[in-house]
Amino acid sequence: MATEHLQNYIDGRWVDASTGDSFADIDPATGETIASVTKSATADVDRAVDAARRASDQWRLYPAPKRGEILYRAGELMLRRKEELAREMTKEMGKVLPEARGDVQEGIDMTYYIAGEGRRQFGDVVPAELPNKWAMSMRHPVGVVAAITPWNFPLAIPTWKIMPALVLGNAVVFKPASYTPLLAVRLVQVLEEAGLPKGVLNLVLGSGGELGDHLVTHPGVDLISFTGSSDTGSHISELAGRLLKRISCELGGKNAIVVLDDADVDLSLDGIVWSAFGTSGQRCTAASRVIAQRGVAHDLVEKLVGRAKKLKLGNGLEASTDVGPVVSAQQLERVHSFIPVAEKEGATVAAGGRVSTEGPLAKGFFHEPTVIVDVKPNMRVAQEEIFGPVTAVIEVTGIDEAIKVLNSTKYGLSCSVYTRNVNHAFRFMRDAETGLVYVNAGTIGAEIQLPFGGMKATGNGHREAGRAALDVYSEWKSIYVDYSGKLQRAQMDTVEGVKTAP
Ligand code: UN1
């Protein structure tokens, strides 16, 4: 069977990049090529931005409820194609099929949720302090949005950015990670079929670096929405900040599950295994630390090691597989490089720790689910984002130390506490320096109707999803209408018959 050739989508047309070159889209479970992908250069970015610029004015004036209706249709198409999209996702980036279905569902949820904003986008109408004067605020689109998305949620995360951008009247240039061009193409096809006018959404395929920098600094781009590593986020912020562009960054995490002595240990184990090894640990919300109170630590570690060793690695399309591959050979190498680092610092590998090369696994990029123990809070495995199926267990004396250790990394995305003590739970909710907090649940699985994002180096203060997403993709405009027919001076003029303070 001939493999599909994936192209850019610019100004409503599917086109090859100016280079004429392509690169391979690889199934990480088998190493096989599943598609060839056009390889864009900066000239293609220019074309995409130009098309978006030209389309943005008309799109801004397209009634918002009608923009929302296009999104509803896109949601319906995704729902109809859910199984197909999920299978393609598993083939393209490896996550197990049930999780790929979840990723597609999250994209559908976001699309429906944001489609409703076509008929909301509330502003304020407030009383003015002077008579015969009107005061209100409304949202205004930012203009052209560059959506730069990662490979770990190849459908859901693009919808987090593209859908709110569109419903608010922005045009978009979409640059997905080079590991997941197929799902990006599928999403654009859905929006094309749903009736999005040409030029409003443009797709540029290729790898970051030069292409990304060009997009970020392009004078035609007003806002950059980026999800990825903190290093890249900081680089992009530097480039964009100098040009006073709007920028929203969703970056790394070093999320922890805290298990206190009064916890239901078996319940916490389910949460740890799911949060540490689900998606092969490749979620920004993954639990790459477990902070265990002394009284439960021994029992917890013993059981966790047992559970980790039992997980079956394999192709995510097979029903018996618990944990799929990591996305690429390069990621595999990076994940694995943390093992000697941990050992050198005095930690111990209690489960896993190896690259798996048995039988068919040799062809893909598989890393054993790994539990590292004897970890101190300042060790590299307890501080740096690994983005693989590796978790580090740290022992603490009680809730005070647990919270201190929890907050001792530069990141602040997600955390959880397992406890039966309501006082501990509330203290934890109050003191955790993270954008997401779970009680008696793991660190993954945020729902789209609440803000998603993190504190400290996890971001730059913005949030995706929920109502918060609207603030990223719009500017506030405050409007005063004076219908008194005379000059009225706010803060200065007195109103006839009204006593004012001296
Ligand atoms: C991510 O890993 O970048 O909360 C997003 C979760 C998912 C989203 C993860 N709903 O785990």
# chains A, B, ... in the order shown; residues from 1 in each chain; ligands from 1
>>> residues_around(residues="segment 394-404 of chain A", least_positions_apart="4", cutoff="8 Å", atoms="only C-alpha atoms", output="PyMOL selection string")
chain A and resi 258+260+289-294+297+373-377+408+424+428+431-432
>>> write_last_selection(atoms="all heavy atoms", output="compact mmCIF listing (two decimals), in the first residue's frame")
# COMPACT_ATOMS: atom_id res chain seq x y z
N VAL A 258 1.46 12.81 46.35
CA VAL A 258 1.83 12.70 47.76
C VAL A 258 0.94 11.63 48.39
O VAL A 258 -0.29 11.68 48.24
CB VAL A 258 1.64 14.06 48.46
CG1 VAL A 258 1.81 13.92 49.96
CG2 VAL A 258 2.61 15.09 47.89
N LEU A 260 0.05 10.16 52.00
CA LEU A 260 0.24 10.32 53.45
C LEU A 260 -0.08 9.01 54.16
O LEU A 260 -0.73 8.12 53.60
CB LEU A 260 -0.65 11.47 53.96
CG LEU A 260 -0.31 12.85 53.36
CD1 LEU A 260 -1.26 13.92 53.90
CD2 LEU A 260 1.14 13.26 53.63
N ARG A 289 7.13 12.12 40.14
CA ARG A 289 7.60 11.98 41.53
C ARG A 289 6.47 11.38 42.37
O ARG A 289 5.30 11.70 42.16
CB ARG A 289 7.96 13.35 42.13
CG ARG A 289 9.17 14.01 41.51
CD ARG A 289 9.50 15.32 42.24
NE ARG A 289 8.44 16.31 42.11
CZ ARG A 289 8.29 17.34 42.95
NH1 ARG A 289 9.13 17.51 43.97
NH2 ARG A 289 7.31 18.21 42.76
N VAL A 290 6.90 10.55 43.32
CA VAL A 290 5.96 10.08 44.34
C VAL A 290 6.57 10.50 45.67
O VAL A 290 7.74 10.21 45.94
CB VAL A 290 5.81 8.54 44.29
CG1 VAL A 290 4.95 8.05 45.46
CG2 VAL A 290 5.21 8.10 42.96
N ILE A 291 5.81 11.23 46.47
CA ILE A 291 6.32 11.68 47.76
C ILE A 291 5.55 10.90 48.83
O ILE A 291 4.33 11.09 48.99
CB ILE A 291 6.11 13.21 47.92
CG1 ILE A 291 6.86 13.95 46.79
CG2 ILE A 291 6.56 13.68 49.30
CD1 ILE A 291 6.56 15.45 46.71
N ALA A 292 6.24 9.99 49.49
CA ALA A 292 5.55 9.06 50.40
C ALA A 292 5.95 9.32 51.84
O ALA A 292 7.13 9.45 52.16
CB ALA A 292 5.89 7.63 50.01
N GLN A 293 4.92 9.38 52.71
CA GLN A 293 5.22 9.54 54.14
C GLN A 293 5.82 8.22 54.67
O GLN A 293 5.46 7.13 54.20
CB GLN A 293 3.93 9.91 54.90
CG GLN A 293 4.24 10.46 56.27
CD GLN A 293 2.99 10.99 56.98
OE1 GLN A 293 1.93 11.12 56.37
NE2 GLN A 293 3.14 11.30 58.26
N ARG A 294 6.68 8.40 55.65
CA ARG A 294 7.49 7.27 56.14
C ARG A 294 6.67 6.02 56.48
O ARG A 294 7.06 4.91 56.14
CB ARG A 294 8.26 7.74 57.38
CG ARG A 294 9.43 6.89 57.71
CD ARG A 294 10.22 7.50 58.84
NE ARG A 294 11.13 8.55 58.40
CZ ARG A 294 11.62 9.49 59.20
NH1 ARG A 294 11.26 9.55 60.47
NH2 ARG A 294 12.47 10.37 58.74
N ALA A 297 5.62 4.34 53.17
CA ALA A 297 6.60 4.28 52.07
C ALA A 297 7.01 2.85 51.70
O ALA A 297 7.02 2.48 50.52
CB ALA A 297 7.81 5.13 52.42
N VAL A 373 14.11 4.57 43.52
CA VAL A 373 13.92 4.82 44.96
C VAL A 373 15.20 5.41 45.56
O VAL A 373 16.19 5.61 44.85
CB VAL A 373 13.50 3.54 45.71
CG1 VAL A 373 12.15 3.05 45.20
CG2 VAL A 373 14.54 2.45 45.57
N ASP A 374 15.16 5.68 46.86
CA ASP A 374 16.28 6.35 47.56
C ASP A 374 16.58 7.70 46.90
O ASP A 374 17.76 8.08 46.76
CB ASP A 374 17.57 5.49 47.56
CG ASP A 374 17.35 4.10 48.15
OD1 ASP A 374 16.54 4.01 49.09
OD2 ASP A 374 17.98 3.14 47.66
N VAL A 375 15.54 8.38 46.51
CA VAL A 375 15.73 9.66 45.82
C VAL A 375 15.65 10.80 46.82
O VAL A 375 14.79 10.81 47.69
CB VAL A 375 14.65 9.83 44.71
CG1 VAL A 375 14.76 11.19 44.04
CG2 VAL A 375 14.75 8.71 43.68
N LYS A 376 16.55 11.74 46.69
CA LYS A 376 16.52 12.95 47.52
C LYS A 376 15.92 14.08 46.68
O LYS A 376 16.12 14.12 45.46
CB LYS A 376 17.94 13.33 47.99
CG LYS A 376 18.59 12.27 48.84
CD LYS A 376 18.08 12.32 50.28
CE LYS A 376 18.43 11.08 51.07
NZ LYS A 376 17.43 10.00 51.02
N PRO A 377 15.21 15.02 47.33
CA PRO A 377 14.47 16.03 46.57
C PRO A 377 15.30 16.86 45.60
O PRO A 377 14.76 17.37 44.61
CB PRO A 377 13.89 16.95 47.65
CG PRO A 377 13.94 16.17 48.91
CD PRO A 377 15.02 15.16 48.78
N SER A 408 9.34 22.19 45.71
CA SER A 408 10.77 22.50 45.60
C SER A 408 11.33 22.37 44.19
O SER A 408 12.54 22.31 44.01
CB SER A 408 11.57 21.60 46.55
OG SER A 408 11.56 20.28 46.03
N HIS A 424 -5.79 17.70 56.22
CA HIS A 424 -4.61 17.58 55.35
C HIS A 424 -4.97 17.94 53.91
O HIS A 424 -4.23 18.64 53.22
CB HIS A 424 -4.05 16.16 55.39
CG HIS A 424 -3.35 15.84 56.67
ND1 HIS A 424 -3.15 14.55 57.10
CD2 HIS A 424 -2.80 16.64 57.60
CE1 HIS A 424 -2.51 14.57 58.25
NE2 HIS A 424 -2.28 15.83 58.58
N PHE A 428 -3.33 21.04 51.82
CA PHE A 428 -2.64 20.73 50.57
C PHE A 428 -3.19 21.56 49.41
O PHE A 428 -2.43 22.16 48.64
CB PHE A 428 -2.81 19.23 50.30
CG PHE A 428 -1.97 18.73 49.17
CD1 PHE A 428 -0.66 18.33 49.39
CD2 PHE A 428 -2.47 18.65 47.88
CE1 PHE A 428 0.12 17.86 48.34
CE2 PHE A 428 -1.71 18.19 46.84
CZ PHE A 428 -0.40 17.79 47.07
N ASP A 431 -1.86 25.10 49.78
CA ASP A 431 -0.41 25.41 49.74
C ASP A 431 0.32 24.90 48.50
O ASP A 431 1.45 25.30 48.26
CB ASP A 431 0.27 24.84 50.99
CG ASP A 431 -0.22 25.55 52.25
OD1 ASP A 431 -0.73 26.70 52.12
OD2 ASP A 431 -0.12 24.98 53.34
N ALA A 432 -0.31 24.02 47.72
CA ALA A 432 0.37 23.50 46.53
C ALA A 432 0.57 24.64 45.53
O ALA A 432 -0.37 25.38 45.23
CB ALA A 432 -0.48 22.40 45.90
>>> residues_around(residues="Val371 of chain A", least_positions_apart="5", cutoff="9 Å", atoms="only C-alpha atoms", output="list in words")
Val301, Leu304, Val305, Ala308, Thr348, Val349, Ala350, Ala351, Gly352, Gly353, Pro389, Val390, Thr391, Ala392 and Val393 of chain A
>>> write_last_selection(atoms="N, CA, C and O atoms", output="PDB file, in the first residue's frame")
ATOM      1  N   VAL A 301       6.179   1.256  48.092  1.00  0.00           N
ATOM      2  CA  VAL A 301       7.238   0.984  47.116  1.00  0.00           C
ATOM      3  C   VAL A 301       7.194  -0.483  46.693  1.00  0.00           C
ATOM      4  O   VAL A 301       7.278  -0.802  45.498  1.00  0.00           O
ATOM      5  N   LEU A 304       4.301  -0.912  44.395  1.00  0.00           N
ATOM      6  CA  LEU A 304       4.503  -0.169  43.144  1.00  0.00           C
ATOM      7  C   LEU A 304       5.488  -0.891  42.230  1.00  0.00           C
ATOM      8  O   LEU A 304       5.270  -1.016  41.015  1.00  0.00           O
ATOM      9  N   VAL A 305       6.554  -1.391  42.819  1.00  0.00           N
ATOM     10  CA  VAL A 305       7.550  -2.125  42.038  1.00  0.00           C
ATOM     11  C   VAL A 305       6.895  -3.357  41.402  1.00  0.00           C
ATOM     12  O   VAL A 305       7.077  -3.635  40.217  1.00  0.00           O
ATOM     13  N   ALA A 308       4.643  -2.174  38.542  1.00  0.00           N
ATOM     14  CA  ALA A 308       5.403  -1.675  37.378  1.00  0.00           C
ATOM     15  C   ALA A 308       5.975  -2.840  36.575  1.00  0.00           C
ATOM     16  O   ALA A 308       5.959  -2.827  35.335  1.00  0.00           O
ATOM     17  N   THR A 348      18.432   4.350  43.516  1.00  0.00           N
ATOM     18  CA  THR A 348      18.445   2.941  43.131  1.00  0.00           C
ATOM     19  C   THR A 348      17.281   2.656  42.186  1.00  0.00           C
ATOM     20  O   THR A 348      16.152   3.080  42.444  1.00  0.00           O
ATOM     21  N   VAL A 349      17.557   1.906  41.129  1.00  0.00           N
ATOM     22  CA  VAL A 349      16.476   1.506  40.224  1.00  0.00           C
ATOM     23  C   VAL A 349      15.815   0.257  40.810  1.00  0.00           C
ATOM     24  O   VAL A 349      16.438  -0.788  40.922  1.00  0.00           O
ATOM     25  N   ALA A 350      14.559   0.397  41.209  1.00  0.00           N
ATOM     26  CA  ALA A 350      13.872  -0.717  41.869  1.00  0.00           C
ATOM     27  C   ALA A 350      13.011  -1.514  40.899  1.00  0.00           C
ATOM     28  O   ALA A 350      12.648  -2.656  41.167  1.00  0.00           O
ATOM     29  N   ALA A 351      12.662  -0.923  39.784  1.00  0.00           N
ATOM     30  CA  ALA A 351      11.911  -1.644  38.738  1.00  0.00           C
ATOM     31  C   ALA A 351      12.264  -1.026  37.402  1.00  0.00           C
ATOM     32  O   ALA A 351      12.476   0.187  37.319  1.00  0.00           O
ATOM     33  N   GLY A 352      12.326  -1.855  36.371  1.00  0.00           N
ATOM     34  CA  GLY A 352      12.577  -1.360  35.016  1.00  0.00           C
ATOM     35  C   GLY A 352      13.991  -0.832  34.852  1.00  0.00           C
ATOM     36  O   GLY A 352      14.953  -1.436  35.301  1.00  0.00           O
ATOM     37  N   GLY A 353      14.089   0.295  34.150  1.00  0.00           N
ATOM     38  CA  GLY A 353      15.400   0.924  33.969  1.00  0.00           C
ATOM     39  C   GLY A 353      16.080   0.611  32.659  1.00  0.00           C
ATOM     40  O   GLY A 353      17.134   1.161  32.361  1.00  0.00           O
ATOM     41  N   PRO A 389       8.381   6.908  30.919  1.00  0.00           N
ATOM     42  CA  PRO A 389       7.762   6.105  31.976  1.00  0.00           C
ATOM     43  C   PRO A 389       8.680   5.887  33.179  1.00  0.00           C
ATOM     44  O   PRO A 389       9.082   4.763  33.486  1.00  0.00           O
ATOM     45  N   VAL A 390       9.031   6.947  33.843  1.00  0.00           N
ATOM     46  CA  VAL A 390       9.985   6.886  34.962  1.00  0.00           C
ATOM     47  C   VAL A 390       9.432   7.716  36.105  1.00  0.00           C
ATOM     48  O   VAL A 390       9.058   8.876  35.913  1.00  0.00           O
ATOM     49  N   THR A 391       9.397   7.112  37.301  1.00  0.00           N
ATOM     50  CA  THR A 391       8.973   7.906  38.448  1.00  0.00           C
ATOM     51  C   THR A 391       9.949   7.732  39.604  1.00  0.00           C
ATOM     52  O   THR A 391      10.562   6.673  39.755  1.00  0.00           O
ATOM     53  N   ALA A 392      10.116   8.791  40.387  1.00  0.00           N
ATOM     54  CA  ALA A 392      11.115   8.808  41.455  1.00  0.00           C
ATOM     55  C   ALA A 392      10.412   8.922  42.803  1.00  0.00           C
ATOM     56  O   ALA A 392       9.585   9.806  42.996  1.00  0.00           O
ATOM     57  N   VAL A 393      10.727   7.998  43.716  1.00  0.00           N
ATOM     58  CA  VAL A 393      10.057   7.995  45.025  1.00  0.00           C
ATOM     59  C   VAL A 393      10.930   8.691  46.072  1.00  0.00           C
ATOM     60  O   VAL A 393      12.104   8.351  46.254  1.00  0.00           O
TER      61      VAL A 393
END
>>> residues_near_ligand(ligand="ligand 1", cutoff="8 Å", atoms="only C-alpha atoms and all ligand atoms", output="VMD selection string")
chain A and resid 103 106 150 152 to 153 156 to 157 227 to 228 250 282 to 286 443 to 448 452
>>> residues_around(residues="Ala128 of chain A", least_positions_apart="2", cutoff="12 Å", atoms="only C-alpha atoms", output="compact mmCIF listing (two decimals) with N, CA and C atoms, in the first residue's frame")
# COMPACT_ATOMS: atom_id res chain seq x y z
N ASP A 124 -18.77 43.17 29.82
CA ASP A 124 -19.50 43.83 30.91
C ASP A 124 -20.22 45.05 30.38
N VAL A 125 -21.42 45.27 30.89
CA VAL A 125 -22.06 46.58 30.72
C VAL A 125 -22.22 47.09 32.13
N VAL A 126 -21.58 48.22 32.44
CA VAL A 126 -21.58 48.71 33.82
C VAL A 126 -22.06 50.16 33.84
N LEU A 130 -20.96 59.31 35.18
CA LEU A 130 -21.55 60.57 34.72
C LEU A 130 -22.88 60.29 34.05
N PRO A 131 -23.82 61.24 34.12
CA PRO A 131 -25.13 60.97 33.54
C PRO A 131 -25.07 60.90 32.01
N ASN A 132 -26.02 60.20 31.44
CA ASN A 132 -26.10 60.10 29.98
C ASN A 132 -24.79 59.62 29.36
N LYS A 133 -24.29 58.59 29.96
CA LYS A 133 -23.04 58.01 29.47
C LYS A 133 -23.13 56.49 29.62
N TRP A 134 -22.60 55.79 28.67
CA TRP A 134 -22.69 54.32 28.60
C TRP A 134 -21.28 53.74 28.75
N ALA A 135 -21.15 52.66 29.51
CA ALA A 135 -19.83 52.05 29.71
C ALA A 135 -19.92 50.54 29.54
N MET A 136 -19.10 50.00 28.66
CA MET A 136 -19.13 48.55 28.44
C MET A 136 -17.78 48.04 27.94
N SER A 478 -12.57 48.53 26.14
CA SER A 478 -13.56 49.21 26.97
C SER A 478 -14.10 50.39 26.20
N ILE A 479 -15.42 50.52 26.17
CA ILE A 479 -16.06 51.51 25.29
C ILE A 479 -16.95 52.43 26.12
N TYR A 480 -16.81 53.71 25.92
CA TYR A 480 -17.65 54.70 26.60
C TYR A 480 -18.42 55.47 25.53
N VAL A 481 -19.70 55.58 25.70
CA VAL A 481 -20.52 56.38 24.78
C VAL A 481 -21.15 57.51 25.60
N ASP A 482 -20.82 58.72 25.25
CA ASP A 482 -21.38 59.87 25.97
C ASP A 482 -22.52 60.43 25.13
N TYR A 483 -23.74 60.30 25.62
CA TYR A 483 -24.88 60.83 24.85
C TYR A 483 -25.51 62.03 25.54
N GLN A 488 -18.15 66.08 29.27
CA GLN A 488 -18.23 65.65 30.68
C GLN A 488 -16.86 65.09 31.04
N ARG A 489 -16.33 65.53 32.19
CA ARG A 489 -14.98 65.14 32.55
C ARG A 489 -15.01 64.17 33.73
N ALA A 490 -14.63 62.91 33.43
CA ALA A 490 -14.65 61.88 34.48
C ALA A 490 -13.70 62.26 35.60
N GLN A 491 -14.05 61.85 36.79
CA GLN A 491 -13.27 62.10 38.01
C GLN A 491 -13.21 63.59 38.40
>>> select_by_dssp(residues="segment 84-218 of chain A", states="strand (DSSP E)", output="ChimeraX atom specification")
/A:125-127,133-141,144-149,171-176,201-203
